[in-house]
Amino acid sequence: MTTPGPFLQRLRGLAGLVIGLVIGLVLALTGAAAAAQVLHIRSAQVTPAAGPVLSAGDPRASVALPDDWSRSRPGYAGTVTYRVDFEPFSSLESGDLLALYIAHVCSNLEVFLNGQLVHGGGRMVEPVTHNCNHPQLVPLPTALIRPGTNTLDIRVAGHRLAEVGSHQRDGGLSALAIGPMSALAALHAQRKALQVSAPQAVSATLLLMGGFMFVMGFVNRRESHLAYFGALSVGWALVDTRLWLRSLPMSHSVAEFLLCSMLGFITWAAVQFLMRYAGSRERFVDVAMPVQCALLPLSLVLAGPSRLHLVASFWYAVLALEVLAASLWHLRREWQRRSVWLMGPLLLTVAVAGVIEFAAQWGGTRPLAAHVAALIMPVVFVLVGLRLVQQQGHALNHAEQGKARLEQRVREATAEIERNFRQLSELRVEQVTERERKRIAADLHDDLGAKLLTIVHTSDSERISTLAREALEEMRLSVRGLTGKPVRLADALGDWRAEVVSRLGQAGIDCDWQAPEDLPQRLSSRAYVQTTRILREATSNIIKHSKAMRCDIRCTITDGDMLFVLQDDGEGITAPVAGRLDQGHGLASMKNRAKQLQGQCLVESGAGQGTVIRLTVPLDRAIEGS
Amino acid sequence: MKTILLLEDLPEIRAWLRKLVMQVFPGAVISESARVQDAIELVQAVKFDLALIDLGLPDGSGVDVVTQLRDTQPDAQSVVVTIHDDDEHLFPALQAGAFGYILKEQARELITEQLQRISQGEPPLSPSIAQRVMAYFSAKAKTKPAASAPSNMPNVSLTDRESEVLLRVAKGYTLPEIGVQLGLSRHTIADYVKQIYRKLNVSSRAEAALEAQRMGLFR
């Protein structure tokens, strides 16, 4: 019970509506009774006779109405005939009937007007029809009414208090009212609605709702309080049938026995519901409640039908105290856990209704408040049931949302796993490829490399030695292509500078190298190696052929091109010599290598003018992967 | 008179190297070996001044011999003679304590000169190797505060001067050029390079020892 939602607001409104209706009903009933012009009869001649109509010789006694048998004739069971004399109404409107209204008679009655049977409530012998909660309206036929004094004989069949579970079911007759049919019919209709129709309706509701809740709780064992509440509702609906169901296919004592026994089960359900709903479970209660359910009928059987009322009263007190204790325990626990705004007032209402019911046991005829209290109980159950359904709905909604979230998370996790797996397999392919490359590279170095190296250093022919060295370098180029990582341009420039400058320096040629620093670009290993080879060849040519004293080397990066300019102050290359150089001294191979990098290598020279070599390497193609 | 270890598996190249070494160091006593195992046994028996060590050998890597020499004969100079010119192969050997490297395919004159330089205490250092060394020390400087370095771990880092020299080497300047730029003699610069080699070795060995200790602790 966190924040009250719109549904909760409606529920509060509903509770208010029900309470308002009950109050309105009570006010209407009291008002209707006072308004009519009715003859109220509060005493009668009475005889406990077997015959339907009093005869002159029957022993008579005067008795005040309402007559409660437990007071006026304790221990008596059977039939009693009440005689009432009345004068016909002079003010009766034409066309209106005269009628007799009996608010309460138990258990059944027959009405005779001037010796003629005018009304029968049902069976007068066992099993006697149960009319205790049914108000009786008897139209008095105009044809039978005499001008003078008229005699009404009311024969009542009833049980002794000792044999019934509740005071409201022992023998007795309320005060009588004789008046116009129109006035009494309204009163009768109102009382009947309160005492019969309303209990019928709520019984049906409780039966449906309780059954539904029971199944819901039974299927979902974690929500066991629902099952207990369902059992409580169904049990209460069954007990309430006694309010409106007139005849049962069993004797009075069996019906009373079953009714009292059922209260044990209802208490079991109520106590367990209150505890489970508060989220706790006591092993003791789990055992004690079923045991009590067995003890109760056992004690009734042992005591016998004649002491039923005594034993039942004892049990009522015990059960009521148990429910009271469970309620207090529930409220205390819920107070700590969550709010008690609904269960608190509802349990209080139930308690008030219970007190009224107990109080009614001591009175004579049943007061109106007792009828209302009996009606309030199932209404409270319906409200609690609605609340439970609402909570269940919320929980279901919450679970749905949680499930949706979970599904979303599972989808994400699955996608993540698939992604990782893909990356992993890609990585694995890369690793395998890398390992294979390394193996090939190592094989080349160890085998081919060693053999070429042997030729380089053992051949007597300078030409073969040079060729072998070139082959070795070509092999290394291939291996670099296989395994080489991209080289930072800044590092490459460092390597080139170191080699060129130190070689020229050793040859006694002054060298001025200028190149940009802090370059972020990277060169593919192939571009790095090719450029290294070109620069190495160019340096060799300068050292071997130019007779230069000085060499200026400029490296610039413009528009994605790397441009090297090597300018010496040597002899230069004369035209015929150029052709020779091209063939013998690697100018062609320099140009070829540059072409492979999508660049170019230009040689400008004239006799006595030195030589300028312009090497252009496009960086965007040379960067990685070319 | 120098004692020299020559570890090379190819007989022709070994013979060629032997000739070359005899030329550079006349009268040297040369012990030859074609296998790592033989070389390690030789190292245990003979004291060497210089060792020319090939990396890729039939029974293992020459790096093991470099390590063995560094452990047992700290005064001996290990020089890697290899066909691999990439720093990925050379760097581990340098970390193990090699004092320079020579590429086998180079012309005879070049190798001769490099050997002489090395014996005079001026090891070669290429820009790409210098880059690698710089990266190694800067990574170490970054992780140092986080690592729970034990007290016995030597705190090896480059001085500003050494870093300056290293940076210039990486940019492709030759040692004489750097000497001119910093107003120092070529020999002083060479000393810095030697010091850088030594620190690389000391630091790498300490790290390896720490790693071994860690493996031992957590196994």
# chains A, B, ... in the order shown; residues from 1 in each chain; ligands from 1
>>> residues_around(residues="region 446-463 of chain A", least_positions_apart="5", cutoff="6 Å", atoms="only C-alpha atoms", output="ChimeraX atom specification")
/A:468-469 /B:13
>>> interface_residues(of="chain A", to="chain B", cutoff="6 Å", atoms="only C-alpha atoms", output="PyMOL selection string")
chain A and resi 454+494-495+497-498
>>> select_by_dssp(residues="chain B", states="helix (DSSP H, G or I)", output="PyMOL selection string")
chain B and resi 11-24+36-45+63-72+87-96+108-119+127-143+160-170+175-182+186-218
>>> closest_residue(among="B:Glu122, B:Gln37, B:Ser157, B:Ala206", to="Ser138 (chain B)", atoms="only C-alpha atoms")
B:Ser157
>>> select_by_dssp(residues="region 418-608 of chain A", states="strand (DSSP E)", output="ChimeraX atom specification")
/A:487-488,510-514,522-523,550-558,561-568,600-605
>>> atom_distance(atom1="CA of Ile509 (chain A)", atom2="CA of Thr112 (chain B)")
20.9 Å
>>> residues_around(residues="Met134 (chain B)", least_positions_apart="6", cutoff="8 Å", atoms="only C-alpha atoms", output="list in words")
Ser163, Leu166 and Leu167 of chain B
>>> write_last_selection(atoms="C-alpha atoms", output="PDB file, in the first residue's frame")
ATOM      1  CA  SER B 163      66.926  10.889 -22.869  1.00  0.00           C
ATOM      2  CA  LEU B 166      68.218   8.910 -27.228  1.00  0.00           C
ATOM      3  CA  LEU B 167      65.695  11.307 -28.753  1.00  0.00           C
TER       4      LEU B 167
END
>>> atom_distance(atom1="CA of Ala212 (chain B)", atom2="CA of Phe91 (chain B)")
19.8 Å
>>> atom_distance(atom1="CA of Pro345 (chain A)", atom2="CA of Arg332 (chain A)")
13.6 Å
>>> residues_around(residues="region 291-304 of chain A", least_positions_apart="6", cutoff="6 Å", atoms="only C-alpha atoms", output="number ranges by chain")
A: 261, 264-265
>>> write_last_selection(atoms="C-alpha atoms", output="PDB file, in the first residue's frame")
ATOM      1  CA  SER A 261     -19.207 -26.616  12.586  1.00  0.00           C
ATOM      2  CA  GLY A 264     -14.566 -23.384  12.789  1.00  0.00           C
ATOM      3  CA  PHE A 265     -13.472 -23.488   9.185  1.00  0.00           C
TER       4      PHE A 265
END
>>> residues_around(residues="Gly505 (chain A)", least_positions_apart="6", cutoff="10 Å", atoms="only C-alpha atoms", output="list in words")
Glu499, Cys511, Ile543 and Arg550 of chain A; Thr174 of chain B
>>> write_last_selection(atoms="C-alpha atoms", output="mmCIF file, in the first residue's frame")
data_model
loop_
_atom_site.group_PDB
_atom_site.id
_atom_site.type_symbol
_atom_site.label_atom_id
_atom_site.label_comp_id
_atom_site.auth_asym_id
_atom_site.auth_seq_id
_atom_site.Cartn_x
_atom_site.Cartn_y
_atom_site.Cartn_z
ATOM 1 C CA GLU A 499 71.693 5.710 -42.761
ATOM 2 C CA CYS A 511 75.441 16.447 -45.969
ATOM 3 C CA ILE A 543 79.138 8.039 -53.171
ATOM 4 C CA ARG A 550 78.348 18.208 -50.728
ATOM 5 C CA THR B 174 74.602 10.460 -35.904
#
